[in-house]
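Structure file target_35.pdb (PDB, C-alpha atoms, pLDDT in the B column) is printed below.
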```pdb
ATOM      1  CA  MET A   1     -15.493  -3.568   0.884  1.00 58.00           C
ATOM      2  CA  THR A   2     -14.711  -3.780  -2.824  1.00 59.00           C
ATOM      3  CA  VAL A   3     -12.783  -1.101  -4.651  1.00 66.00           C
ATOM      4  CA  SER A   4     -14.048  -0.108  -8.092  1.00 84.00           C
ATOM      5  CA  ILE A   5     -10.861  -0.377 -10.125  1.00 90.00           C
ATOM      6  CA  ASP A   6     -10.573  -2.271 -13.384  1.00 93.00           C
ATOM      7  CA  ARG A   7      -8.421  -5.082 -12.051  1.00 95.00           C
ATOM      8  CA  SER A   8      -7.740  -6.419 -15.534  1.00 96.00           C
ATOM      9  CA  ARG A   9      -5.671  -3.328 -16.295  1.00 96.00           C
ATOM     10  CA  SER A  10      -2.101  -2.607 -15.267  1.00 96.00           C
ATOM     11  CA  LEU A  11      -0.809   0.380 -13.338  1.00 96.00           C
ATOM     12  CA  GLU A  12       0.682   1.615 -16.595  1.00 95.00           C
ATOM     13  CA  GLU A  13      -2.756   1.539 -18.195  1.00 95.00           C
ATOM     14  CA  LEU A  14      -4.643   2.951 -15.209  1.00 95.00           C
ATOM     15  CA  GLU A  15      -2.162   5.772 -14.670  1.00 93.00           C
ATOM     16  CA  ARG A  16      -1.570   6.289 -18.394  1.00 94.00           C
ATOM     17  CA  ASP A  17       2.149   6.309 -17.703  1.00 92.00           C
ATOM     18  CA  ARG A  18       4.499   3.786 -19.281  1.00 92.00           C
ATOM     19  CA  TRP A  19       7.928   3.724 -17.764  1.00 91.00           C
ATOM     20  CA  PRO A  20      10.900   3.060 -20.015  1.00 90.00           C
ATOM     21  CA  ALA A  21      12.639  -0.276 -19.556  1.00 90.00           C
ATOM     22  CA  PRO A  22      14.930  -0.299 -16.527  1.00 90.00           C
ATOM     23  CA  PRO A  23      18.626   0.126 -17.286  1.00 91.00           C
ATOM     24  CA  PRO A  24      20.759  -3.021 -17.616  1.00 92.00           C
ATOM     25  CA  ASP A  25      22.383  -2.341 -14.238  1.00 93.00           C
ATOM     26  CA  ALA A  26      19.047  -1.858 -12.446  1.00 93.00           C
ATOM     27  CA  THR A  27      18.709  -3.271  -8.975  1.00 94.00           C
ATOM     28  CA  ARG A  28      16.443  -6.247  -8.431  1.00 94.00           C
ATOM     29  CA  LEU A  29      13.973  -3.935  -6.672  1.00 92.00           C
ATOM     30  CA  MET A  30      13.889  -1.534  -9.618  1.00 94.00           C
ATOM     31  CA  ALA A  31      13.481  -4.329 -12.167  1.00 93.00           C
ATOM     32  CA  THR A  32      10.718  -5.943 -10.113  1.00 95.00           C
ATOM     33  CA  ALA A  33       8.831  -2.661  -9.694  1.00 95.00           C
ATOM     34  CA  HIS A  34       9.005  -2.024 -13.432  1.00 94.00           C
ATOM     35  CA  ALA A  35       7.730  -5.517 -14.208  1.00 95.00           C
ATOM     36  CA  LEU A  36       4.871  -5.259 -11.683  1.00 96.00           C
ATOM     37  CA  ARG A  37       3.645  -2.005 -13.223  1.00 96.00           C
ATOM     38  CA  SER A  38       2.797  -3.871 -16.428  1.00 95.00           C
ATOM     39  CA  ARG A  39       0.791  -6.681 -14.748  1.00 96.00           C
ATOM     40  CA  PRO A  40      -2.971  -6.450 -14.236  1.00 97.00           C
ATOM     41  CA  VAL A  41      -3.510  -5.022 -10.751  1.00 97.00           C
ATOM     42  CA  GLY A  42      -5.936  -7.841  -9.989  1.00 95.00           C
ATOM     43  CA  THR A  43      -3.055 -10.318 -10.203  1.00 97.00           C
ATOM     44  CA  LEU A  44      -0.812  -8.494  -7.713  1.00 97.00           C
ATOM     45  CA  THR A  45      -0.042 -10.493  -4.585  1.00 97.00           C
ATOM     46  CA  VAL A  46       0.245  -9.194  -1.029  1.00 97.00           C
ATOM     47  CA  GLU A  47       4.007  -9.100  -1.552  1.00 96.00           C
ATOM     48  CA  ASP A  48       3.634  -7.164  -4.806  1.00 97.00           C
ATOM     49  CA  LEU A  49       1.380  -4.623  -3.095  1.00 97.00           C
ATOM     50  CA  ARG A  50       3.786  -4.334  -0.163  1.00 97.00           C
ATOM     51  CA  LEU A  51       6.724  -3.732  -2.459  1.00 97.00           C
ATOM     52  CA  LEU A  52       5.026  -1.167  -4.692  1.00 97.00           C
ATOM     53  CA  ILE A  53       3.280   0.714  -1.882  1.00 97.00           C
ATOM     54  CA  GLY A  54       6.511   0.718   0.115  1.00 96.00           C
ATOM     55  CA  GLN A  55       8.194   2.402  -2.856  1.00 96.00           C
ATOM     56  CA  ASN A  56       5.333   4.931  -3.234  1.00 96.00           C
ATOM     57  CA  ILE A  57       4.464   3.555  -6.652  1.00 97.00           C
ATOM     58  CA  GLY A  58       0.885   3.785  -7.890  1.00 96.00           C
ATOM     59  CA  LEU A  59      -0.535   4.827  -4.536  1.00 96.00           C
ATOM     60  CA  THR A  60      -3.764   6.226  -5.946  1.00 94.00           C
ATOM     61  CA  VAL A  61      -4.570   2.797  -7.384  1.00 95.00           C
ATOM     62  CA  LEU A  62      -2.786   0.493  -4.952  1.00 97.00           C
ATOM     63  CA  LEU A  63      -3.623   2.007  -1.560  1.00 96.00           C
ATOM     64  CA  PRO A  64      -7.334   1.228  -1.976  1.00 95.00           C
ATOM     65  CA  LEU A  65      -6.440  -2.329  -2.988  1.00 96.00           C
ATOM     66  CA  GLY A  66      -4.062  -2.654  -0.041  1.00 96.00           C
ATOM     67  CA  VAL A  67      -6.691  -1.390   2.398  1.00 96.00           C
ATOM     68  CA  GLU A  68      -9.166  -3.850   0.889  1.00 95.00           C
ATOM     69  CA  VAL A  69      -6.745  -6.713   1.579  1.00 96.00           C
ATOM     70  CA  LEU A  70      -6.152  -5.428   5.110  1.00 96.00           C
ATOM     71  CA  HIS A  71      -9.891  -5.242   5.729  1.00 94.00           C
ATOM     72  CA  ASP A  72     -10.061  -9.003   5.161  1.00 94.00           C
ATOM     73  CA  ASP A  73      -6.694  -9.840   6.751  1.00 94.00           C
ATOM     74  CA  PRO A  74      -5.103  -7.022   8.778  1.00 93.00           C
ATOM     75  CA  LEU A  75      -1.881  -8.963   9.225  1.00 91.00           C
ATOM     76  CA  ALA A  76      -1.587 -10.067   5.589  1.00 89.00           C
ATOM     77  CA  GLU A  77       1.927 -11.237   4.976  1.00 82.00           C
ATOM     78  CA  GLY A  78       4.315 -10.820   2.073  1.00 79.00           C
ATOM     79  CA  HIS A  79       7.971 -11.829   2.124  1.00 77.00           C
ATOM     80  CA  MET A  80       8.932  -9.618   5.061  1.00 77.00           C
ATOM     81  CA  GLY A  81       6.689 -11.260   7.650  1.00 80.00           C
ATOM     82  CA  GLU A  82       3.345 -10.953   9.356  1.00 85.00           C
ATOM     83  CA  GLY A  83       1.788  -7.519   8.974  1.00 90.00           C
ATOM     84  CA  ASP A  84       4.274  -6.270   6.392  1.00 93.00           C
ATOM     85  CA  LEU A  85       1.542  -4.939   4.082  1.00 96.00           C
ATOM     86  CA  LEU A  86      -0.048  -3.133   7.024  1.00 96.00           C
ATOM     87  CA  ARG A  87       3.293  -1.572   7.896  1.00 95.00           C
ATOM     88  CA  ALA A  88       3.884  -0.493   4.285  1.00 96.00           C
ATOM     89  CA  VAL A  89       0.455   1.133   4.110  1.00 97.00           C
ATOM     90  CA  LEU A  90       0.620   2.789   7.546  1.00 96.00           C
ATOM     91  CA  THR A  91       4.013   4.355   6.957  1.00 95.00           C
ATOM     92  CA  ARG A  92       3.189   6.390   3.871  1.00 95.00           C
ATOM     93  CA  ALA A  93       3.968  10.100   4.103  1.00 93.00           C
ATOM     94  CA  PRO A  94       1.507  12.263   6.039  1.00 92.00           C
ATOM     95  CA  ALA A  95       0.563  14.109   2.835  1.00 92.00           C
ATOM     96  CA  VAL A  96      -0.814  10.859   1.411  1.00 94.00           C
ATOM     97  CA  TRP A  97      -3.327  10.604   4.237  1.00 91.00           C
ATOM     98  CA  SER A  98      -4.463  14.208   3.898  1.00 90.00           C
ATOM     99  CA  VAL A  99      -5.319  13.452   0.246  1.00 91.00           C
ATOM    100  CA  HIS A 100      -6.820  10.014   0.949  1.00 91.00           C
ATOM    101  CA  GLN A 101      -8.812  10.768   4.091  1.00 91.00           C
ATOM    102  CA  ASP A 102     -11.451   8.150   3.260  1.00 92.00           C
ATOM    103  CA  LEU A 103      -8.764   5.458   3.174  1.00 94.00           C
ATOM    104  CA  ALA A 104      -7.231   6.818   6.361  1.00 94.00           C
ATOM    105  CA  SER A 105     -10.622   6.487   8.026  1.00 94.00           C
ATOM    106  CA  GLN A 106     -11.027   2.895   6.816  1.00 94.00           C
ATOM    107  CA  LEU A 107      -7.511   2.055   7.943  1.00 94.00           C
ATOM    108  CA  THR A 108      -8.156   3.629  11.351  1.00 94.00           C
ATOM    109  CA  HIS A 109     -11.166   1.356  11.751  1.00 94.00           C
ATOM    110  CA  ILE A 110      -9.044  -1.679  10.802  1.00 94.00           C
ATOM    111  CA  VAL A 111      -6.206  -0.939  13.222  1.00 93.00           C
ATOM    112  CA  ASP A 112      -8.582  -0.023  16.044  1.00 92.00           C
ATOM    113  CA  GLY A 113      -9.644  -3.665  16.084  1.00 85.00           C
ATOM    114  CA  LEU A 114      -6.123  -5.010  16.498  1.00 88.00           C
ATOM    115  CA  SER A 115      -4.451  -5.977  19.747  1.00 87.00           C
ATOM    116  CA  ASP A 116      -1.227  -7.645  20.835  1.00 86.00           C
ATOM    117  CA  LEU A 117       0.743  -6.198  17.940  1.00 89.00           C
ATOM    118  CA  PRO A 118       4.506  -6.606  17.775  1.00 89.00           C
ATOM    119  CA  PRO A 119       6.364  -3.375  18.653  1.00 90.00           C
ATOM    120  CA  TYR A 120       7.250  -2.465  15.048  1.00 88.00           C
ATOM    121  CA  LEU A 121       3.566  -2.563  14.084  1.00 92.00           C
ATOM    122  CA  ARG A 122       2.360  -0.891  17.262  1.00 92.00           C
ATOM    123  CA  ASN A 123       4.772   2.001  16.607  1.00 92.00           C
ATOM    124  CA  ALA A 124       3.575   2.312  13.001  1.00 93.00           C
ATOM    125  CA  VAL A 125      -0.065   2.341  14.158  1.00 92.00           C
ATOM    126  CA  GLU A 126       0.696   5.049  16.730  1.00 92.00           C
ATOM    127  CA  ARG A 127       2.510   7.248  14.202  1.00 92.00           C
ATOM    128  CA  PHE A 128      -0.322   6.760  11.703  1.00 92.00           C
ATOM    129  CA  ALA A 129      -2.913   7.706  14.360  1.00 91.00           C
ATOM    130  CA  ASP A 130      -0.943  10.883  15.111  1.00 91.00           C
ATOM    131  CA  VAL A 131      -0.862  11.803  11.409  1.00 92.00           C
ATOM    132  CA  VAL A 132      -4.592  11.198  10.985  1.00 90.00           C
ATOM    133  CA  SER A 133      -5.316  13.212  14.111  1.00 87.00           C
ATOM    134  CA  GLN A 134      -3.253  16.145  12.815  1.00 85.00           C
ATOM    135  CA  ASN A 135      -4.973  15.992   9.416  1.00 78.00           C
ATOM    136  CA  ARG A 136      -8.370  16.326  11.110  1.00 76.00           C
ATOM    137  CA  ARG A 137      -7.414  19.614  12.739  1.00 68.00           C
TER     138      ARG A 137
END
```

Let me see the structure of the file written as structure tokens.
Amino acid sequence: MTVSIDRSRSLEELERDRWPAPPPDATRLMATAHALRSRPVGTLTVEDLRLLIGQNIGLTVLLPLGVEVLHDDPLAEGHMGEGDLLRAVLTRAPAVWSVHQDLASQLTHIVDGLSDLPPYLRNAVERFADVVSQNRR
């Protein structure tokens, strides 16, 4: 499964939205998110995707890329531990999944093949399944 996104372009370019520089007293998270928005999306690591998706930044572009990574490695790991990208993707707001039903379907297929998940991931999968089920009604 390959997503058709120009991976040589940054989120700023793809979204046509340049953020101003973060303030001098910006948190590390804020400064990192700003910096990542200007990098080509094809260079973003699992950790970069986890961080940005977890902050609801660039979801239209990054969720498909995150699901693509998860298709190849459902328990892809950033700095927070095994499955942290999966958790970041699964825990997006229910409204996200009503808009991105195709991604929700792909993600459902991915998580259906998983077993022996740690409790924090199992709970996220269950909540996601409930959201997807409600969106289908």

task = Given the file shown, determine the residues that the PyMOL selection byres ((chain A and resi 60-70) around 9) selects; report them as JSON, numbers by chain.
result = {"A": [1, 2, 3, 5, 11, 14, 15, 41, 42, 46, 49, 50, 52, 53, 57, 58, 59, 71, 72, 73, 74, 75, 76, 85, 86, 89, 100, 103, 106, 107, 110]}

ask   = What separation in Å, quoted to one decimal, exists between CA of Glu126 (chain A) and CA of Ser4 (chain A)?
value = 29.3 Å

task = Tell me which protein, DNA and RNA residues are within 10 Å of region 22-29 of chain A, counting all atoms listed in the file, leaving out same-chain ones fewer than 5 positions away, and put them as a PyMOL selection string.
result = chain A and resi 34-35+51-52+55

request  = Name the residues that the PyMOL selection byres ((chain A and resi 135) around 12) pulls out of this structure, and write them as a ChimeraX atom specification.
outcome  = /A:93-102,104-105,128-134,136-137

query = Which distance in Å separates CA of Asn56 (chain A) and CA of Ala33 (chain A), to one decimal?
reply =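 Those two atoms sit 10.6 Å apart.
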
Option closest in space to Glu47 (chain A), from A:Leu117, A:Met30, A:Met80, A:Ala21 [counting all atoms listed in the file] =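 For Glu47 (chain A), the nearest of the given residues is A:Met80.
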
ask   = Mind pulling up the distance from CA of Arg9 (chain A) to CA of Arg39 (chain A)?
value =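 So the answer is 7.4 Å.
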
Box dimensions and centre (Å, one decimal) enclosing region 46-52 of chain A, axis-aligned, 8 Å extra per side, as JSON:
```
{"center_x": 3.5, "center_y": -5.2, "center_z": -2.5, "size_x": 22.5, "size_y": 24.0, "size_z": 20.6}
```

Counting all atoms listed in the file, the residue of A:Arg92, A:Ser10, A:Leu114, A:Gly54 that sits nearest Leu36 (chain A) =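 Looking at the shortest contact to Leu36 (chain A), the residue is A:Ser10.
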
message = Under the PyMOL selection byres ((chain A and resi 121) around 9), which residues of this model are included? Write them out as a PyMOL selection string.
response = chain A and resi 83-84+86-87+90+117-120+122-126

request  = Choose the residue, out of A:Ser38, A:Thr45, A:Ser115, A:Thr108, that has the smallest atom-to-atom separation from Arg16 (chain A); count all atoms listed in the file.
outcome  =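 Answer, going by the shortest atom-to-atom distance: A:Ser38.
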
Could I get region 95-117 of chain A rebuilt with N, CA and C atoms, written as a tab-separated table (two decimals), keeping the file's coordinate frame?
```tsv
chain	number	residue	atom	x	y	z
A	95	ALA	N	1.30	13.46	3.93
A	95	ALA	CA	0.56	14.11	2.84
A	95	ALA	C	-0.37	13.13	2.12
A	96	VAL	N	0.02	11.88	2.05
A	96	VAL	CA	-0.81	10.86	1.41
A	96	VAL	C	-2.15	10.76	2.14
A	97	TRP	N	-2.10	10.79	3.46
A	97	TRP	CA	-3.33	10.60	4.24
A	97	TRP	C	-4.19	11.85	4.24
A	98	SER	N	-3.62	13.02	4.00
A	98	SER	CA	-4.46	14.21	3.90
A	98	SER	C	-5.22	14.20	2.56
A	99	VAL	N	-4.64	13.58	1.54
A	99	VAL	CA	-5.32	13.45	0.25
A	99	VAL	C	-6.32	12.31	0.25
A	100	HIS	N	-5.98	11.22	0.92
A	100	HIS	CA	-6.82	10.01	0.95
A	100	HIS	C	-7.46	9.83	2.33
A	101	GLN	N	-8.23	10.81	2.76
A	101	GLN	CA	-8.81	10.77	4.09
A	101	GLN	C	-9.82	9.63	4.25
A	102	ASP	N	-10.51	9.27	3.17
A	102	ASP	CA	-11.45	8.15	3.26
A	102	ASP	C	-10.71	6.85	3.55
A	103	LEU	N	-9.57	6.65	2.90
A	103	LEU	CA	-8.76	5.46	3.17
A	103	LEU	C	-8.18	5.50	4.58
A	104	ALA	N	-7.76	6.68	5.00
A	104	ALA	CA	-7.23	6.82	6.36
A	104	ALA	C	-8.29	6.44	7.39
A	105	SER	N	-9.53	6.83	7.12
A	105	SER	CA	-10.62	6.49	8.03
A	105	SER	C	-10.86	4.98	8.05
A	106	GLN	N	-10.85	4.35	6.88
A	106	GLN	CA	-11.03	2.90	6.82
A	106	GLN	C	-9.89	2.18	7.53
A	107	LEU	N	-8.68	2.67	7.32
A	107	LEU	CA	-7.51	2.06	7.94
A	107	LEU	C	-7.54	2.24	9.46
A	108	THR	N	-8.01	3.39	9.91
A	108	THR	CA	-8.16	3.63	11.35
A	108	THR	C	-9.10	2.59	11.95
A	109	HIS	N	-10.19	2.36	11.27
A	109	HIS	CA	-11.17	1.36	11.75
A	109	HIS	C	-10.52	-0.04	11.82
A	110	ILE	N	-9.71	-0.37	10.83
A	110	ILE	CA	-9.04	-1.68	10.80
A	110	ILE	C	-8.09	-1.82	11.98
A	111	VAL	N	-7.23	-0.82	12.18
A	111	VAL	CA	-6.21	-0.94	13.22
A	111	VAL	C	-6.80	-0.80	14.62
A	112	ASP	N	-7.95	-0.13	14.73
A	112	ASP	CA	-8.58	-0.02	16.04
A	112	ASP	C	-9.01	-1.39	16.57
A	113	GLY	N	-9.23	-2.33	15.67
A	113	GLY	CA	-9.64	-3.66	16.08
A	113	GLY	C	-8.50	-4.62	16.38
A	114	LEU	N	-7.29	-4.14	16.29
A	114	LEU	CA	-6.12	-5.01	16.50
A	114	LEU	C	-5.59	-4.89	17.92
A	115	SER	N	-5.09	-5.99	18.43
A	115	SER	CA	-4.45	-5.98	19.75
A	115	SER	C	-3.24	-6.89	19.71
A	116	ASP	N	-2.42	-6.80	20.71
A	116	ASP	CA	-1.23	-7.64	20.84
A	116	ASP	C	-0.33	-7.58	19.60
A	117	LEU	N	-0.13	-6.37	19.10
A	117	LEU	CA	0.74	-6.20	17.94
A	117	LEU	C	2.20	-6.21	18.36
```
